[in-house]
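So the structure is just underneath, and the comments pick up after that.
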Amino acid sequence: MAHELDGVRMGGSPHWAPEDIVGKISLGTLLFSNDYRHIALKGILTSLILLGVGGIFAIIFRTELMVPDVQILGARVYMTLMTLHGMFMVFGFLIPLAISICYYMMPKVLGTEQLLWAKTAQWSYWTLIAAAVLLIIGRPDFTWTAYAPMSLRVGDNLLWMGYLAIVLVAISEFLAGVVLVRNAVAGAARSGWGNLSMMGWGCFSVGILLVVSTLPLGFVGFGLFSDWMQFGETAYFDPARGGSVMFFLYVFWTYGHPAVYLPFIPAIAVLYTLLPRFLGRPMWSYWSGVVAFLLLMIFALPIGPHHFQAAFTISGWYQRLVQIMTLLVFIPSVLHVFNWIATLWSDPIPVSAKRSVPFKFIIASIAFLIYGGATAYLNAQISVDTDFIHNTYWIPAHFHAMFLGFVGQLAIGGLYYLYPYFTGRMYNQAMGNAHFWLWQVGIFTKVTMMFIAGYAYFPRWVYDYLDIPEWTMPQMAITMGAYLIGLGFLIFIINFAWSATHGQPAADDPWPVEHDAAIASATPAE
Amino acid sequence: MENALSLDGGQTTLIAITVALTVLGLVGLALAMFWPTRWRIKYRLEFIFIIGLLAMAWYADWNSTRTYQPYQDKMSTGEPVSGTQVTQEDTFFDRTLTVITFQWGFAFVTEDNKISRNAAIVKPGEKVLFKILSNDVIHGFNIPVASITAEIDPGEMRQVWIRAPDKPGKYLIQCVNYCGVGHAQMKAWLVVEGPEDEEKTSGLTDGETTDGA
């Protein structure tokens with residue numbers, strides 16, 4: 001009994017049946033249906049397209065950066081591609097993909113069998129599409145952080161589209177947060193908070209974070225728009241007209257730090273849902289996971305100022321408080337990782353899990369979370385931050401390990417898992433393995449070389465750099481890593497497209513838990 | 001260009017802790033996956049682990065605050081090379097340079113109002129105070145050889161001091177905050193002059209040395 005209860009709240013759930021949604025769907029249904037499976041499918045397909053576009057941008061500017069001096073891109077085009085790469089990957093790929101997977105899994109795991117307030121989710125989706133279109137047409141080059149007053153003095157006369165896109169992204173994420181909270185609360189009403197599944201807790205905490213943190217983002221977008229248009233006498237952020245740069249920094253980073261948890265927390269919720277299904281047993285600890293979710297949510301909001309420690313706009317006890325809280329945010333992440341490792345260790349790993357591509361992606365993503373997360377210990381410290389970390393390549397190394405290595409790989413693993421539930425067929429195993437290994441080698445090369453470049457003070461946001469060995473060697477290697485990642489992505493797309501019509505039909509349970517006989521008979525050490 | 005970058009940051013202990021933590025996590029994950037022996041971990045161990053993390057956080061906070069002003073080349077013994085907080089009188093320093101950061105470059109103004117663009121000319125081992133201003137957007141000010149970075153908001157003044165390297169040569173100064181399309185070119189040189197270089201001063205500054213207004 002206890003085990004069954006644990007099974008549900010740890011992510012196990014009533015049977016999910018594979019079905020051929022993709023094959024039967026019409027375009028009208030895909031675009032406007034309020035069925036949770038169709039909303040999720042639409043979100044997933046869109047985020048994969050934006051991943052492809054953002055990835056192509058990355059491949060182009062990585063080619064430029066391969067060797068010093070100007071090759072194919074000038075400063076303006078380089079920065080536009082860089083800005084769109086950042087915005088598409090975070091706002092268009094990571095956050096929507098993680099949330100779309102939650103849209104699909106929540107109704108099944110929480111037992112509601114429908115996405116409540118699905119119309120709100122529709123509005124969230126179409127607002128994001130409008131933002132993406134504005135970004136493509138407006139081509140802003142102010143980086144995803146849009147620091148005022150620089151962001152008011154770049155671009156051409158279409159730049160207002162960039163500011164408006166920021167407002168739309170904020171609206172879209174706010175609405176998605178409302179949907180997630182509503183469904184998590186509905187799930188809690190059915191099961192009670194103490195038995196709410198980890199998916200429910202994850203969606204609840206990220207929903208709250210989305211609703212709270214997108215308000216400052218919307219204001220930042222509006223303030224930049226207003227300053228650029230020079231509405232009336234007001235100036236929020238432009239110091240030349242009486243605005244305040246510090247005001248911008250505080251408001252922006254009140255969103256900017258939670259922003260990195262917006263894809264992070266749902267990705268963790270997906271991991272908590274999938275791991276017990278592959279292992280055929282509950283997680284090691286339920287409450288440490290719940291506490292970790294809530295701690296992540298609470299600590300995310302006040303620590304934004306660590307992003308501009310080097311600006312010394314904060315000082316004294318407040319600066320120290322931010323440093324201490326940043327160091328403490330380490331703990332919920334470690335609680336999660338500890339929980340996962342303890343779960344894996346407690347009993348034999350089924351051979352069925354070891355064979356499957358999504359499980360491999362889950363394990364690899366945990367490894368990258370450890371790799372990228374440990375460096376956060378250095379980043380948090382002001383003395384080290386004001387040496388080689390602040391705005392050198394160390395920071396992109398850290399967030400690519402977390403965003404691509406952890407969130408991206410976990411979300412892609414989730415897609416491999418969901419594949420039979422959307423197409424009724426299995427993906428091609430050989431191509432899945434090729435994708436997996438190309439990504440591990442590519443991401444590890446890229447992240448490690450970015451750390452090395454950052455330790456040698458390679459500055460961010462440059463298209464041209466000095467010809468010194470500490471800088472040229474890592475840049476060449478990062479580009480090679482990026483090519484491997486691009487190749488892996490290509491194989492992934494071919495696999496999914498080909499298997500949708502040619503793959504093996506999925507069994508009634510696509511993910512059976514099968515132990516090797518010899519291992520199954522061995523007793524645990526304790 | 002010689003010795004433009006210093007890779008000796010001196011954070012050996014901290015980096016060692018980070019690497020140890022990474023290895024611990026990865027080894028744990030690998031054992032959990034591949035080692036045949038299974039281990040049902042007691043809840044108690046997680047609490048012990050958390051206490052260990054709290055100790056690490058305490059050490060990091062203490063160490064960072066202790067070394068923050070001034071930052072030290074070698075955490076334990078060495079002579080301080082740079083600092084971000086200035087409590088001394090200006091007379092404590094051998095040289096004070098006012099730095100005007102702009103789109104896109106650095107202008108260094110000496111105490112007797114000599115301006116040189118993109119070259120800060122100092123003597124070996126001098127203690128140099130930079131008073132940094134911005135007149136347009138947020139800029140960065142990073143001197144790798146002195147292990148120091150500051151970010152300058154328009155309308156504010158930031159103070160950073162360094163002890164100049166003992167070895168004469170050109171050392172990189174760069175902007176690390178995106179400040180517009182010219183950001184990649186926003187670099188300057190910390191020129192440490194040996195005694196024999198003195199007569200060549202104007203040559204190193206692209207002929208931009210002029211009398212201040």
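Convention: chains lettered A, B, ... in structure tokens order; per-chain residue numbering from 1; ligands numbered from 1 as shown.
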Enumerate as JSON, numbers by chain the residues belonging to chain A that approach chain B to within 6 Å, with only C-alpha atoms taken into account.
{"A": [75, 76, 149, 150, 310, 311, 327, 341, 344, 345, 346, 347, 370, 371, 374, 381, 383, 386, 387, 391, 459, 462, 524, 525]}
Using only C-alpha atoms, the residue out of A:Val67, A:Asn433, A:Pro263, A:Gly23 with shortest distance to A:Ala477 is A:Val67
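Among the candidate residues B:Ile48, B:Ala16, B:Ala55, B:Ile132, the one lying nearest to B:Val160 is B:Ile132, with distances computed using only C-alpha atoms.
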Do you know which residues are at most 10 Å from A:Leu45 counting only C-alpha atoms, after dropping those on the same chain fewer than 6 positions away, and could you put them as a PyMOL selection string?
chain A and resi 51+93+97+100
Please extract the residues of stretch 91-167 of chain B with a backbone DSSP assignment of strand (DSSP E) and present them as a compact mmCIF listing (two decimals) with N, CA and C atoms, in the first residue's frame.
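Output contents, as saved in result_26.txt:
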# COMPACT_ATOMS: atom_id res chain seq x y z
N ARG B 95 50.46 56.83 -8.04
CA ARG B 95 49.94 57.45 -9.24
C ARG B 95 48.42 57.34 -9.24
N THR B 96 47.74 58.40 -9.61
CA THR B 96 46.28 58.35 -9.73
C THR B 96 45.91 58.66 -11.17
N LEU B 97 45.13 57.77 -11.78
CA LEU B 97 44.69 57.99 -13.15
C LEU B 97 43.17 58.05 -13.17
N THR B 98 42.64 59.11 -13.76
CA THR B 98 41.20 59.16 -13.98
C THR B 98 40.92 58.49 -15.32
N VAL B 99 40.04 57.51 -15.32
CA VAL B 99 39.76 56.76 -16.54
C VAL B 99 38.38 57.15 -17.03
N ILE B 100 38.30 57.65 -18.25
CA ILE B 100 37.00 57.93 -18.84
C ILE B 100 36.72 56.82 -19.85
N THR B 101 35.70 56.02 -19.54
CA THR B 101 35.33 54.95 -20.47
C THR B 101 34.25 55.51 -21.39
N PHE B 102 34.36 55.18 -22.66
CA PHE B 102 33.39 55.72 -23.62
C PHE B 102 33.19 54.71 -24.73
N GLY B 105 36.32 52.98 -26.03
CA GLY B 105 37.72 53.09 -25.68
C GLY B 105 37.88 53.58 -24.26
N PHE B 106 39.15 53.74 -23.87
CA PHE B 106 39.46 54.25 -22.55
C PHE B 106 40.34 55.49 -22.72
N ALA B 107 40.08 56.54 -21.95
CA ALA B 107 40.99 57.68 -21.92
C ALA B 107 41.54 57.78 -20.51
N PHE B 108 42.86 57.85 -20.40
CA PHE B 108 43.49 57.92 -19.09
C PHE B 108 44.00 59.34 -18.87
N VAL B 109 43.55 59.98 -17.81
CA VAL B 109 43.95 61.35 -17.53
C VAL B 109 44.85 61.35 -16.30
N LYS B 114 47.36 65.33 -18.37
CA LYS B 114 47.78 64.76 -19.65
C LYS B 114 46.81 63.62 -19.99
N ILE B 115 46.28 63.64 -21.21
CA ILE B 115 45.36 62.58 -21.62
C ILE B 115 46.05 61.64 -22.57
N SER B 116 45.94 60.34 -22.33
CA SER B 116 46.38 59.42 -23.35
C SER B 116 45.28 58.42 -23.60
N ARG B 117 45.07 58.11 -24.86
CA ARG B 117 43.96 57.22 -25.19
C ARG B 117 44.47 55.79 -25.28
N ALA B 119 46.11 53.86 -23.38
CA ALA B 119 47.37 53.43 -22.79
C ALA B 119 47.53 54.07 -21.43
N ALA B 120 47.62 53.23 -20.40
CA ALA B 120 47.90 53.72 -19.05
C ALA B 120 49.37 53.48 -18.78
N ILE B 121 50.13 54.56 -18.65
CA ILE B 121 51.58 54.42 -18.56
C ILE B 121 52.00 54.51 -17.10
N VAL B 122 52.60 53.43 -16.60
CA VAL B 122 52.99 53.37 -15.19
C VAL B 122 54.40 52.82 -15.08
N LYS B 127 51.97 51.58 -7.02
CA LYS B 127 50.57 51.42 -6.64
C LYS B 127 49.75 52.47 -7.39
N VAL B 128 48.85 52.01 -8.25
CA VAL B 128 48.13 52.91 -9.13
C VAL B 128 46.65 52.90 -8.76
N LEU B 129 46.09 54.09 -8.58
CA LEU B 129 44.65 54.21 -8.31
C LEU B 129 43.95 54.64 -9.59
N PHE B 130 42.93 53.87 -9.99
CA PHE B 130 42.11 54.26 -11.14
C PHE B 130 40.78 54.79 -10.62
N LYS B 131 40.44 56.02 -11.02
CA LYS B 131 39.10 56.54 -10.75
C LYS B 131 38.34 56.48 -12.07
N ILE B 132 37.35 55.60 -12.13
CA ILE B 132 36.77 55.26 -13.43
C ILE B 132 35.39 55.89 -13.58
N LEU B 133 35.19 56.53 -14.73
CA LEU B 133 33.91 57.20 -15.03
C LEU B 133 33.38 56.67 -16.35
N SER B 134 32.07 56.80 -16.54
CA SER B 134 31.50 56.49 -17.84
C SER B 134 30.62 57.65 -18.24
N HIS B 139 30.01 50.25 -18.82
CA HIS B 139 31.22 49.63 -19.35
C HIS B 139 31.84 48.74 -18.29
N GLY B 140 32.72 47.86 -18.75
CA GLY B 140 33.51 47.05 -17.83
C GLY B 140 34.94 47.52 -17.83
N PHE B 141 35.67 47.19 -16.76
CA PHE B 141 37.09 47.57 -16.68
C PHE B 141 37.81 46.38 -16.07
N ASN B 142 38.54 45.64 -16.90
CA ASN B 142 39.16 44.41 -16.46
C ASN B 142 40.65 44.45 -16.78
N ILE B 143 41.48 44.22 -15.75
CA ILE B 143 42.92 44.10 -15.96
C ILE B 143 43.32 42.69 -15.56
N ILE B 148 41.53 41.78 -11.62
CA ILE B 148 40.50 42.70 -11.12
C ILE B 148 39.51 43.07 -12.22
N THR B 149 38.23 43.13 -11.84
CA THR B 149 37.18 43.55 -12.76
C THR B 149 36.25 44.52 -12.06
N ALA B 150 35.85 45.56 -12.74
CA ALA B 150 34.81 46.44 -12.21
C ALA B 150 33.83 46.75 -13.34
N GLU B 151 32.63 47.13 -12.93
CA GLU B 151 31.60 47.49 -13.91
C GLU B 151 31.20 48.92 -13.57
N ILE B 152 31.13 49.79 -14.59
CA ILE B 152 30.94 51.21 -14.31
C ILE B 152 29.60 51.67 -14.88
N MET B 157 31.17 56.94 -10.09
CA MET B 157 32.62 56.75 -10.15
C MET B 157 32.98 55.49 -9.38
N ARG B 158 33.77 54.63 -9.99
CA ARG B 158 34.26 53.44 -9.30
C ARG B 158 35.76 53.58 -9.12
N GLN B 159 36.27 53.11 -7.98
CA GLN B 159 37.70 53.16 -7.74
C GLN B 159 38.26 51.76 -7.65
N VAL B 160 39.37 51.59 -8.34
CA VAL B 160 40.06 50.30 -8.37
C VAL B 160 41.53 50.60 -8.24
N TRP B 161 42.26 49.83 -7.42
CA TRP B 161 43.70 50.07 -7.41
C TRP B 161 44.44 48.79 -7.70
N ILE B 162 45.61 48.94 -8.30
CA ILE B 162 46.45 47.78 -8.59
C ILE B 162 47.88 48.09 -8.22
N ARG B 163 48.64 47.03 -8.01
CA ARG B 163 50.09 47.19 -7.94
C ARG B 163 50.62 46.76 -9.29
